[in-house]
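A.B. asks: Got a structure here, written out as structure tokens. Questions coming.
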Amino acid sequence: MRIGHGYDVHRLAAGESLVLGGVAIDHALGTVAHSDGDVLLHAICDALLGALALGDIGRHFPDSDPRYRGIDSRKLLAEVYRLVSDTGYRLGNLDATIIAQRPRLASHLPAMREGIAATLGASMQQVSVKATTTEGLGFAGREEGIAAHAVCLLETG
Ligand code: MG
């Protein structure tokens, strides 16, 4: 078994779109990024890569590369999972937390889990996504940015 951890942050700004866990969310602010700015999927990608010591998402998909401008991060996740699968590992389970003061995300979590599980060829029971505020503290609390943590377990066989 191998365990991995990922963390990502994107800045929030008006006039940008907000996509979290592959789900488009209606909100006054969105994430500023070269890709679609999906912090949750980026943290999951880094957890999967980290579990196998394969570097990070920035190494595999550099933001200087125009091919990744505005890219749907589900494509990045699928590509990362192909790398994982090629080594003979598969997902045991993953657990992730989105840190955002607003908007309220609880109603979107099942759709995120479903989409992530589908991309990883896994069941929803293997994919946990949670959300928390920071009670107004720090950059997330001031709504300057959204962060996400992810931990995954990979297994062979
Ligand atoms: Mg990112």
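Every chain in the structure tokens takes a letter, A first, then B, and so on in the order presented; its residues are numbered from 1, and the ligands are numbered from 1 following the presented order.
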Env of Asp72 in chain A: 9 Å cut, atoms = only C-alpha atoms, seq-sep filter 4 positions within chain, self excluded. Answer as JSON, numbers by chain.

C.D. replies: {"A": [22, 35, 36, 37, 38, 68, 76]}

A.B. asks: Using only C-alpha atoms and all ligand atoms, what are the residues with an atom within 6 Å of ligand 1, set out as a PyMOL selection string?

C.D. replies: chain A and resi 8+37+39+42

A.B. asks: When DSSP is applied to the backbone of this structure, which of range 31-114 of chain A are assigned alpha helix (DSSP H)? Write them out as number ranges by chain.

C.D. replies: A: 39-51, 57-60, 73-86, 109-114

A.B. asks: Which is closest to Leu41 in chain A among A:Gly115, A:Gly141, A:Gly21, A:Gly4, if we use only C-alpha atoms?

C.D. replies: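 When distances to Leu41 in chain A are compared using only C-alpha atoms, the smallest one comes from A:Gly21.
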
A.B. asks: Check the smallest atom-to-atom distance from each of A:Ala148, A:Leu77, A:Val127, A:Ala140 to Thr97 in chain A using only C-alpha atoms, then report the winner.

C.D. replies: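 Among the listed residues, A:Ala148 lies closest to Thr97 in chain A.
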
A.B. asks: Find the residue from A:Leu12, A:Cys45, A:Met1, A:Ala33 that sits nearest to Ala100 in chain A; use only C-alpha atoms when measuring.

C.D. replies: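 Using only C-alpha atoms, the shortest distance to Ala100 in chain A belongs to A:Leu12.
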
A.B. asks: How many Å separate CA of Leu18 in chain A from CA of Leu54 in chain A?

C.D. replies: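 Atom-to-atom, CA of Leu18 in chain A to CA of Leu54 in chain A, that is 28.0 Å.
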
A.B. asks: Find the residue from A:Thr87, A:Gln101, A:Thr133, A:Asn93 that sits nearest to Ile116 in chain A; use only C-alpha atoms when measuring.

C.D. replies: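 Nearest candidate to Ile116 in chain A out of A:Thr87, A:Gln101, A:Thr133, A:Asn93: A:Asn93.
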
A.B. asks: From the list A:Leu83, A:Ala14, A:Ile57, A:Leu91, which residue is nearest Glu155 in chain A when using only C-alpha atoms?

C.D. replies: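 Closest to Glu155 in chain A of all the choices is A:Leu91.
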